[in-house]
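**Q** What follows is start.txt; its format and atoms are compact mmCIF, C-alpha atoms and all ligand atoms.
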# COMPACT_ATOMS: atom_id res chain seq x y z
CA MET A 1039 0.00 0.00 0.00
CA SER A 1040 1.68 3.18 -1.08
CA ILE A 1041 0.66 6.65 -0.11
CA PHE A 1042 -0.40 8.94 -2.92
CA CYS A 1043 -0.79 12.03 -0.80
CA SER A 1044 -0.24 12.87 2.86
CA LEU A 1045 -1.85 15.85 4.51
CA ARG A 1046 -0.35 16.93 7.81
CA GLN A 1047 -2.08 19.59 9.84
CA LEU A 1048 -3.44 21.13 6.67
CA SER A 1049 -5.30 24.36 7.34
CA VAL A 1050 -6.87 26.83 4.94
CA THR A 1051 -8.26 30.25 5.73
CA TYR A 1052 -9.76 32.38 3.00
CA GLY A 1053 -8.62 35.96 3.00
CA ARG A 1054 -12.17 37.24 2.86
CA ALA A 1055 -13.50 34.96 5.59
CA ARG A 1056 -15.37 36.87 8.25
CA ASN A 1057 -13.96 36.46 11.77
CA GLY A 1058 -11.00 34.61 10.21
CA ALA A 1059 -12.67 31.21 10.58
CA ALA A 1060 -10.67 28.44 8.94
CA ALA A 1061 -12.28 26.55 6.05
CA LEU A 1062 -10.01 23.63 6.95
CA ASP A 1063 -8.45 23.20 10.33
CA GLY A 1064 -5.60 20.81 11.16
CA ILE A 1065 -6.40 18.01 8.72
CA ASP A 1066 -4.28 14.85 8.98
CA LEU A 1067 -5.21 12.48 6.18
CA ASP A 1068 -3.49 10.02 3.87
CA ILE A 1069 -4.75 9.19 0.40
CA VAL A 1070 -3.66 5.73 -0.67
CA ALA A 1071 -2.51 5.22 -4.26
CA GLY A 1072 -5.28 3.58 -6.28
CA GLU A 1073 -7.96 3.91 -3.64
CA ARG A 1074 -11.37 5.52 -3.85
CA LEU A 1075 -11.73 7.90 -0.99
CA ALA A 1076 -15.01 9.63 -0.25
CA ILE A 1077 -14.95 13.04 1.38
CA ILE A 1078 -18.30 13.40 3.11
CA GLY A 1079 -19.77 16.33 4.93
CA GLU A 1080 -22.57 18.83 4.93
CA SER A 1081 -22.48 22.04 2.97
CA GLY A 1082 -19.74 24.39 4.17
CA SER A 1083 -17.74 21.69 5.96
CA GLY A 1084 -14.68 22.29 3.80
CA LYS A 1085 -14.96 19.55 1.17
CA SER A 1086 -14.39 21.73 -1.88
CA THR A 1087 -11.65 23.60 -0.06
CA LEU A 1088 -9.89 20.27 0.42
CA ALA A 1089 -10.31 19.49 -3.29
CA ARG A 1090 -8.91 22.88 -4.28
CA ALA A 1091 -6.03 22.52 -1.82
CA LEU A 1092 -5.15 19.10 -3.28
CA ALA A 1093 -5.30 20.53 -6.75
CA GLY A 1094 -3.36 23.69 -5.95
CA LEU A 1095 -6.38 25.69 -7.06
CA LEU A 1096 -7.06 27.78 -3.96
CA PRO A 1097 -7.88 31.39 -4.77
CA GLU A 1098 -5.32 34.09 -4.24
CA GLY A 1099 -5.31 35.32 -0.68
CA ALA A 1100 -6.10 31.92 0.83
CA LYS A 1101 -3.70 31.17 3.66
CA VAL A 1102 -2.48 27.59 3.76
CA GLY A 1103 -0.80 26.01 6.78
CA GLY A 1104 0.62 22.56 7.38
CA GLU A 1105 2.11 20.25 4.81
CA MET A 1106 1.17 18.19 1.79
CA PHE A 1107 3.38 15.37 0.51
CA TRP A 1108 3.11 13.60 -2.83
CA PRO A 1109 5.32 10.50 -2.55
CA GLU A 1110 4.07 8.91 -5.78
CA LEU A 1111 4.41 11.97 -7.98
CA GLY A 1112 7.34 13.52 -6.14
CA HIS A 1113 5.86 17.00 -6.76
CA PRO A 1114 2.54 18.74 -6.34
CA PRO A 1115 0.13 17.64 -9.07
CA SER A 1116 -0.31 19.86 -12.05
CA ALA A 1117 -3.75 20.61 -13.43
CA GLY A 1118 -4.84 18.53 -16.38
CA ARG A 1119 -1.73 16.38 -16.44
CA ASP A 1120 -1.58 14.81 -12.96
CA PHE A 1121 -5.17 15.24 -11.90
CA GLY A 1122 -8.54 15.71 -13.47
CA PHE A 1123 -11.35 17.64 -11.84
CA VAL A 1124 -15.05 16.97 -12.34
CA PHE A 1125 -17.44 19.51 -10.85
CA GLN A 1126 -21.10 19.44 -9.96
CA ASP A 1127 -21.96 21.69 -12.84
CA PRO A 1128 -20.29 20.60 -16.07
CA GLY A 1129 -21.15 24.05 -17.41
CA SER A 1130 -18.39 25.44 -15.24
CA SER A 1131 -15.72 23.19 -16.74
CA LEU A 1132 -16.92 23.19 -20.36
CA ASN A 1133 -16.41 26.15 -22.64
CA PRO A 1134 -19.73 27.10 -24.29
CA VAL A 1135 -18.13 28.44 -27.47
CA LEU A 1136 -15.90 25.47 -28.26
CA THR A 1137 -17.10 22.21 -29.73
CA ILE A 1138 -16.90 19.12 -27.54
CA GLY A 1139 -14.16 17.77 -29.76
CA GLU A 1140 -12.08 20.94 -29.59
CA GLN A 1141 -12.10 21.11 -25.81
CA ILE A 1142 -11.21 17.49 -25.18
CA ALA A 1143 -8.56 17.49 -27.91
CA GLU A 1144 -7.07 20.68 -26.46
CA GLY A 1145 -6.26 18.97 -23.14
CA ALA A 1146 -4.91 15.86 -24.83
CA SER A 1147 -2.69 17.84 -27.15
CA ARG A 1148 -1.35 20.16 -24.44
CA HIS A 1149 -0.59 17.52 -21.82
CA LEU A 1150 0.33 14.51 -23.91
CA GLY A 1151 2.26 16.40 -26.57
CA LEU A 1152 0.03 15.06 -29.34
CA SER A 1153 -0.44 16.74 -32.69
CA TRP A 1154 -3.85 18.31 -33.17
CA LYS A 1155 -4.89 15.47 -35.45
CA GLN A 1156 -3.77 12.79 -32.97
CA ALA A 1157 -5.44 14.68 -30.14
CA TYR A 1158 -8.68 14.89 -32.12
CA ILE A 1159 -8.61 11.14 -32.68
CA ARG A 1160 -7.95 10.58 -28.99
CA ALA A 1161 -10.85 12.89 -28.10
CA GLU A 1162 -13.20 10.82 -30.21
CA GLU A 1163 -11.96 7.63 -28.54
CA LEU A 1164 -12.54 9.24 -25.15
CA LEU A 1165 -16.13 10.11 -26.08
CA GLY A 1166 -16.59 6.44 -26.88
CA ARG A 1167 -15.07 5.49 -23.54
CA VAL A 1168 -17.50 7.71 -21.64
CA ARG A 1169 -20.26 6.12 -23.75
CA ILE A 1170 -21.48 9.11 -25.65
CA PRO A 1171 -23.54 7.75 -28.53
CA GLN A 1172 -22.21 8.60 -32.01
CA PRO A 1173 -18.92 10.11 -30.84
CA ASP A 1174 -18.10 11.44 -34.31
CA ARG A 1175 -21.22 13.58 -34.30
CA ALA A 1176 -20.82 14.61 -30.66
CA MET A 1177 -17.32 15.89 -31.47
CA ARG A 1178 -18.90 18.67 -33.55
CA ALA A 1179 -21.61 19.53 -31.02
CA PHE A 1180 -21.54 22.41 -28.53
CA PRO A 1181 -22.15 21.80 -24.82
CA HIS A 1182 -25.65 23.31 -24.85
CA GLN A 1183 -26.75 20.76 -27.42
CA LEU A 1184 -26.26 17.92 -24.94
CA SER A 1185 -28.28 16.81 -21.92
CA GLY A 1186 -26.94 17.36 -18.40
CA GLY A 1187 -25.87 13.75 -18.08
CA GLN A 1188 -24.11 13.83 -21.45
CA ARG A 1189 -22.35 17.05 -20.56
CA GLN A 1190 -21.09 15.41 -17.38
CA ARG A 1191 -19.78 12.51 -19.49
CA VAL A 1192 -17.96 15.01 -21.69
CA ALA A 1193 -16.55 16.76 -18.61
CA ILE A 1194 -15.28 13.38 -17.40
CA ALA A 1195 -13.72 12.68 -20.79
CA ALA A 1196 -11.95 16.05 -20.64
CA ALA A 1197 -10.81 15.37 -17.08
CA ILE A 1198 -9.17 12.06 -17.99
CA ALA A 1199 -7.86 13.13 -21.40
CA ALA A 1200 -4.25 13.34 -20.20
CA ARG A 1201 -4.41 10.08 -18.21
CA PRO A 1202 -4.16 11.73 -14.78
CA ALA A 1203 -3.14 9.67 -11.74
CA LEU A 1204 -5.75 11.39 -9.60
CA LEU A 1205 -9.38 12.12 -10.36
CA ILE A 1206 -11.24 14.53 -8.09
CA ALA A 1207 -15.02 14.45 -8.44
CA ASP A 1208 -16.60 17.26 -6.43
CA GLU A 1209 -20.35 16.61 -6.12
CA ALA A 1210 -20.08 15.41 -9.71
CA THR A 1211 -23.42 13.63 -9.66
CA SER A 1212 -25.33 15.85 -7.22
CA ALA A 1213 -27.18 17.85 -9.86
CA LEU A 1214 -28.32 14.79 -11.79
CA ASP A 1215 -31.48 12.77 -11.35
CA VAL A 1216 -31.14 9.39 -9.67
CA VAL A 1217 -31.01 7.28 -12.83
CA VAL A 1218 -28.42 9.45 -14.55
CA GLN A 1219 -26.50 9.66 -11.29
CA ALA A 1220 -26.26 5.86 -11.18
CA GLU A 1221 -25.09 5.78 -14.81
CA ILE A 1222 -22.37 8.33 -14.14
CA LEU A 1223 -21.23 6.41 -11.06
CA ARG A 1224 -21.05 3.22 -13.10
CA LEU A 1225 -18.97 5.07 -15.66
CA LEU A 1226 -16.61 6.51 -13.04
CA ASP A 1227 -16.29 3.06 -11.53
CA ALA A 1228 -15.20 1.56 -14.86
CA LEU A 1229 -12.80 4.38 -15.76
CA VAL A 1230 -11.11 4.44 -12.38
CA ARG A 1231 -10.66 0.68 -12.46
CA GLU A 1232 -9.43 0.53 -16.06
CA ASP A 1233 -6.95 3.38 -15.67
CA GLY A 1234 -5.86 2.59 -12.10
CA MET A 1235 -6.64 6.15 -11.02
CA THR A 1236 -6.84 7.31 -7.43
CA LEU A 1237 -10.30 8.77 -6.87
CA VAL A 1238 -11.31 11.47 -4.41
CA PHE A 1239 -15.10 11.38 -4.47
CA ILE A 1240 -16.68 14.34 -2.74
CA THR A 1241 -20.32 14.21 -1.72
CA HIS A 1242 -22.72 15.27 0.99
CA ASP A 1243 -24.47 11.92 0.57
CA ILE A 1244 -23.02 9.11 2.68
CA ALA A 1245 -25.45 6.57 1.21
CA LEU A 1246 -24.30 7.40 -2.30
CA ALA A 1247 -20.65 7.05 -1.39
CA SER A 1248 -20.92 3.93 0.70
CA GLY A 1249 -21.51 1.52 -2.15
CA PHE A 1250 -18.85 3.04 -4.30
CA VAL A 1251 -15.67 3.82 -2.37
CA ASP A 1252 -13.05 2.01 -0.28
CA ARG A 1253 -12.71 4.55 2.48
CA ILE A 1254 -14.70 7.40 3.90
CA ALA A 1255 -13.45 10.62 5.50
CA VAL A 1256 -16.12 12.56 7.36
CA PHE A 1257 -15.75 16.33 7.58
CA ARG A 1258 -17.59 18.76 9.78
CA ASN A 1259 -16.95 22.45 10.38
CA ALA A 1260 -13.52 22.47 8.77
CA ARG A 1261 -12.36 19.43 10.70
CA LEU A 1262 -11.88 15.76 9.92
CA VAL A 1263 -14.26 13.89 12.21
CA GLU A 1264 -13.04 10.42 11.33
CA ALA A 1265 -11.68 8.37 8.45
CA GLY A 1266 -11.64 4.65 7.80
CA PRO A 1267 -12.71 1.79 5.56
CA VAL A 1268 -16.37 2.07 4.54
CA ARG A 1269 -17.42 -1.03 6.43
CA SER A 1270 -15.87 -0.02 9.72
CA VAL A 1271 -17.12 3.56 9.53
CA LEU A 1272 -20.66 2.35 8.74
CA SER A 1273 -20.77 -0.49 11.26
CA ALA A 1274 -18.81 1.10 14.08
CA PRO A 1275 -18.55 4.87 13.65
CA GLU A 1276 -16.23 6.55 16.12
CA SER A 1277 -18.16 9.78 16.44
CA ASP A 1278 -21.73 10.65 17.34
CA TYR A 1279 -21.81 12.92 14.32
CA THR A 1280 -21.13 10.04 11.93
CA THR A 1281 -23.66 7.89 13.77
CA ALA A 1282 -26.27 10.60 13.24
CA LEU A 1283 -25.28 10.99 9.60
CA ILE A 1284 -25.74 7.26 9.02
CA ALA A 1285 -29.01 7.15 10.94
CA SER A 1286 -30.43 9.93 8.80
CA HIS A 1287 -30.05 7.79 5.69
CA ARG A 1288 -32.55 4.97 5.68
CA ASP A 1289 -30.83 3.48 2.63
CA LEU A 1290 -27.86 2.45 4.68
CA ALA A 1291 -29.91 -0.08 6.62
CA THR A 1292 -30.36 -2.01 3.39
CA PRO A 1293 -27.63 -2.90 0.90
CA PRO A 1294 -26.11 0.29 -0.47
CA LEU A 1295 -28.05 1.92 -3.23
CA ILE A 1296 -25.27 1.78 -5.73
CA ALA A 1297 -24.33 -1.86 -5.11
CA GLU A 1298 -27.58 -2.72 -6.90
CA VAL A 1299 -26.70 -0.62 -9.86
CA LEU A 1300 -23.04 -1.41 -10.36
CA PRO A 1301 -22.20 -4.59 -12.26
N1 LIG B 1401 -13.59 31.69 -2.06
C1 LIG B 1401 -13.99 31.74 -0.77
N2 LIG B 1401 -13.84 32.86 -0.03
C2 LIG B 1401 -14.22 32.93 1.27
N3 LIG B 1401 -14.75 31.88 1.93
C3 LIG B 1401 -14.94 30.74 1.26
C4 LIG B 1401 -14.57 30.59 -0.12
N4 LIG B 1401 -14.88 29.32 -0.53
C5 LIG B 1401 -15.40 28.72 0.55
N5 LIG B 1401 -15.45 29.54 1.61
C6 LIG B 1401 -15.92 29.21 2.98
O1 LIG B 1401 -15.15 28.11 3.45
C7 LIG B 1401 -15.98 27.19 4.13
C8 LIG B 1401 -15.88 25.82 3.47
O2 LIG B 1401 -16.43 25.91 2.17
P1 LIG B 1401 -16.37 24.72 1.12
O3 LIG B 1401 -15.02 24.15 1.13
O4 LIG B 1401 -16.89 25.25 -0.15
O5 LIG B 1401 -17.40 23.68 1.76
P2 LIG B 1401 -18.20 22.48 1.09
O6 LIG B 1401 -17.59 22.18 -0.23
O7 LIG B 1401 -18.09 21.37 2.07
O8 LIG B 1401 -19.63 22.94 0.97
C9 LIG B 1401 -17.38 27.77 4.12
O9 LIG B 1401 -17.58 28.45 5.33
C10 LIG B 1401 -17.36 28.73 2.95
O10 LIG B 1401 -18.24 29.79 3.17
MG MG B 1402 -18.44 22.07 -2.15
Please lay out the structure from this file as structure tokens.
**A**
Amino acid sequence: MSIFCSLRQLSVTYGRARNGAAALDGIDLDIVAGERLAIIGESGSGKSTLARALAGLLPEGAKVGGEMFWPELGHPPSAGRDFGFVFQDPGSSLNPVLTIGEQIAEGASRHLGLSWKQAYIRAEELLGRVRIPQPDRAMRAFPHQLSGGQRQRVAIAAAIAARPALLIADEATSALDVVVQAEILRLLDALVREDGMTLVFITHDIALASGFVDRIAVFRNARLVEAGPVRSVLSAPESDYTTALIASHRDLATPPLIAEVLP
């Protein structure tokens, strides 16, 4: 078991934060190479801040304390090449004025050093991998011509275009209806497995995560409440907060939602 990333006493305070409250406070957490780690917590608990800190995408003025180590990479990850980011709203990661093909090919050409033609071919392959029907036609489409679920597939294709070691999905399925959500999870499952990526799966929904990841880290008010393998966190949570979180999801009493959907 090798460590992909170690966080030691990681703290983040946004410059504009009223009363100087930290968005993350003293986080000690290891991310294991090849694992699927869920970051769970209610809105405002610091999940996206953690994602941005991992990705080196904190806004200017954010104060960062503590340390981050990247033993596998040997350096902080660089956007597009070492990690891919999938957001809740694919609109925020897709450019409305570029065709689907152009924006996926752009990442592949920049990070893999491919010619435009090679990158375009790779983009079409990627659309096939994320199971967009008729990839050749979709290449010429603009984001607004696709459904929300299809746009999220395209955003995933763009995120993995450069074969990143780390995929960060921040509420990537939260805006989708349940059926599409399950399809996107199934897709992420296949891609992560096939490419051996490390996955940081951020969600406010513990039931959603529990059938899908190896480990869970529970966040509350900028702090890490507990972290551990899914089964131990679900069956023997260390904190009352996690116990309450589990109790509030009826689904967890029965086999996890997603276990029924995944192959
Ligand atoms: N750019 C920002 N500037 C100031 N405060 C921010 C910024 N982004 C997030 N915050 C604050 O940091 C805290 C954690 O936010 P966030 O990481 O987005 O939580 P989550 O993703 O769990 O909902 C919240 O109190 C939020 O208001
Ligand atoms: Mg968030």
**Q** Measure the distance from CA of Leu1246 (chain A) to CA of Gly1129 (chain A) in Å and round it to one decimal.
**A** 22.7 Å
**Q** Within 10 Å of Ile1077 (chain A), counting only C-alpha atoms, which residues show up once you throw out same-chain ones fewer than 6 positions away? Write them as an NGL selection string, please.
**A** :A and (1084-1086 or 1088-1089 or 1207-1209 or 1238-1244 or 1247 or 1251 or 1253-1257 or 1262 or 1265)
**Q** Between CA of Ala1179 (chain A) and CA of Glu1162 (chain A), what is the distance in Å, rounded to a tenth?
**A**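 So the answer is 12.1 Å.
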**Q** Counting only C-alpha atoms and all ligand atoms, what are the residues of chain A within 10 Å of ligand LIG 1401 (chain B), and for each of them which pair of atoms is the nearest and at what distance in Å, to one decimal? Sort the table by chain and rising number, as a Markdown table.
**A**
| residue | atom | partner | partner_atom | distance |
| --- | --- | --- | --- | --- |
| A:Val1050 | CA | B:LIG1401 | O1 | 8.5 |
| A:Thr1051 | CA | B:LIG1401 | O1 | 7.6 |
| A:Tyr1052 | CA | B:LIG1401 | C2 | 4.8 |
| A:Gly1053 | CA | B:LIG1401 | C2 | 6.6 |
| A:Arg1054 | CA | B:LIG1401 | C2 | 5.0 |
| A:Ala1055 | CA | B:LIG1401 | C2 | 4.8 |
| A:Arg1056 | CA | B:LIG1401 | N3 | 8.1 |
| A:Gly1058 | CA | B:LIG1401 | N3 | 9.5 |
| A:Ala1059 | CA | B:LIG1401 | O9 | 7.7 |
| A:Ala1060 | CA | B:LIG1401 | O1 | 7.1 |
| A:Ala1061 | CA | B:LIG1401 | O1 | 4.2 |
| A:Leu1062 | CA | B:LIG1401 | C8 | 7.2 |
| A:Ile1077 | CA | B:LIG1401 | O7 | 8.9 |
| A:Ile1078 | CA | B:LIG1401 | O7 | 8.0 |
| A:Gly1079 | CA | B:LIG1401 | O7 | 6.0 |
| A:Glu1080 | CA | B:LIG1401 | O7 | 5.9 |
| A:Ser1081 | CA | B:LIG1401 | O8 | 3.6 |
| A:Gly1082 | CA | B:LIG1401 | O5 | 3.4 |
| A:Ser1083 | CA | B:LIG1401 | O7 | 3.9 |
| A:Gly1084 | CA | B:LIG1401 | O3 | 3.3 |
| A:Lys1085 | CA | B:LIG1401 | O7 | 3.7 |
| A:Ser1086 | CA | B:LIG1401 | O6 | 3.6 |
| A:Thr1087 | CA | B:LIG1401 | O3 | 3.6 |
| A:Leu1088 | CA | B:LIG1401 | O3 | 6.5 |
| A:Ala1089 | CA | B:LIG1401 | O3 | 8.0 |
| A:Arg1090 | CA | B:LIG1401 | O3 | 8.3 |
| A:Ala1091 | CA | B:LIG1401 | O3 | 9.6 |
| A:Leu1096 | CA | B:LIG1401 | N1 | 7.8 |
| A:Pro1097 | CA | B:LIG1401 | N1 | 6.3 |
| A:Glu1098 | CA | B:LIG1401 | N1 | 8.9 |
| A:Gly1099 | CA | B:LIG1401 | N2 | 8.9 |
| A:Ala1100 | CA | B:LIG1401 | N2 | 7.8 |
| A:Asp1208 | CA | B:LIG1401 | O6 | 8.0 |
| A:Glu1209 | CA | B:LIG1401 | O6 | 8.6 |
| A:Ile1240 | CA | B:LIG1401 | O6 | 8.3 |
| A:Thr1241 | CA | B:LIG1401 | O7 | 8.4 |
| A:His1242 | CA | B:LIG1401 | O7 | 7.7 |
| A:Phe1257 | CA | B:LIG1401 | O7 | 7.8 |
| A:Arg1258 | CA | B:LIG1401 | O7 | 8.2 |
| A:Asn1259 | CA | B:LIG1401 | C8 | 7.8 |
| A:Ala1260 | CA | B:LIG1401 | C8 | 6.7 |
**Q** Do you have the CA of Ala1176 (chain A)-CA of Ser1116 (chain A) distance handy?
**A**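 We find that CA of Ala1176 (chain A) and CA of Ser1116 (chain A) lie 28.2 Å from each other.
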**Q** Could you list, with a cut-off of 7 Å and counting all atoms listed in the file, the residues of region 1183-1230 of chain A near region 1117-1128 of chain A, each shown with its nearest atom pair and the distance in Å rounded to one decimal, rows sorted by chain and ascending number, as a tab-separated table?
**A**
residue	atom	partner	partner_atom	distance
A:Arg1189	CA	A:Pro1128	CA	6.1
A:Gln1190	CA	A:Pro1128	CA	5.4
A:Ala1193	CA	A:Pro1128	CA	5.9
A:Ile1194	CA	A:Val1124	CA	6.2
A:Ala1197	CA	A:Gly1122	CA	4.3
A:Ile1198	CA	A:Gly1122	CA	5.8
A:Ala1200	CA	A:Arg1119	CA	5.5
A:Pro1202	CA	A:Asp1120	CA	4.4
A:Ala1203	CA	A:Asp1120	CA	5.5
A:Leu1204	CA	A:Phe1121	CA	4.5
A:Leu1205	CA	A:Gly1122	CA	4.8
A:Ile1206	CA	A:Phe1123	CA	4.9
A:Ala1207	CA	A:Val1124	CA	4.6
A:Asp1208	CA	A:Phe1125	CA	5.0
A:Glu1209	CA	A:Gln1126	CA	4.8
A:Ala1210	CA	A:Gln1126	CA	4.2
A:Thr1211	CA	A:Gln1126	CA	6.3
A:Ser1212	CA	A:Gln1126	CA	6.2
A:Ala1213	CA	A:Gln1126	CA	6.3
**Q** The selected residues should be written to file as a compact mmCIF listing (two decimals), in the coordinates of the input (atoms: C-alpha atoms).
**A**
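Result file selection.txt:
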# COMPACT_ATOMS: atom_id res chain seq x y z
CA ARG A 1189 -22.35 17.05 -20.56
CA GLN A 1190 -21.09 15.41 -17.38
CA ALA A 1193 -16.55 16.76 -18.61
CA ILE A 1194 -15.28 13.38 -17.40
CA ALA A 1197 -10.81 15.37 -17.08
CA ILE A 1198 -9.17 12.06 -17.99
CA ALA A 1200 -4.25 13.34 -20.20
CA PRO A 1202 -4.16 11.73 -14.78
CA ALA A 1203 -3.14 9.67 -11.74
CA LEU A 1204 -5.75 11.39 -9.60
CA LEU A 1205 -9.38 12.12 -10.36
CA ILE A 1206 -11.24 14.53 -8.09
CA ALA A 1207 -15.02 14.45 -8.44
CA ASP A 1208 -16.60 17.26 -6.43
CA GLU A 1209 -20.35 16.61 -6.12
CA ALA A 1210 -20.08 15.41 -9.71
CA THR A 1211 -23.42 13.63 -9.66
CA SER A 1212 -25.33 15.85 -7.22
CA ALA A 1213 -27.18 17.85 -9.86
**Q** Can you tell me which residues surround Leu1272 (chain A) at a distance of at most 10 Å, considering all atoms listed in the file, apart from same-chain residues fewer than 2 positions away, and format the answer as a ChimeraX atom specification?
**A** /A:1244-1245,1248,1254,1266-1270,1274-1276,1280-1281,1283-1285,1290-1291
**Q** Between A:Arg1261, A:His1182, A:Arg1160, A:Arg1175, which has the minimum distance to Ala1146 (chain A) (counting all atoms listed in the file)?
**A**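 Between A:Arg1261, A:His1182, A:Arg1160, A:Arg1175, the residue approaching Ala1146 (chain A) most closely is A:Arg1160.
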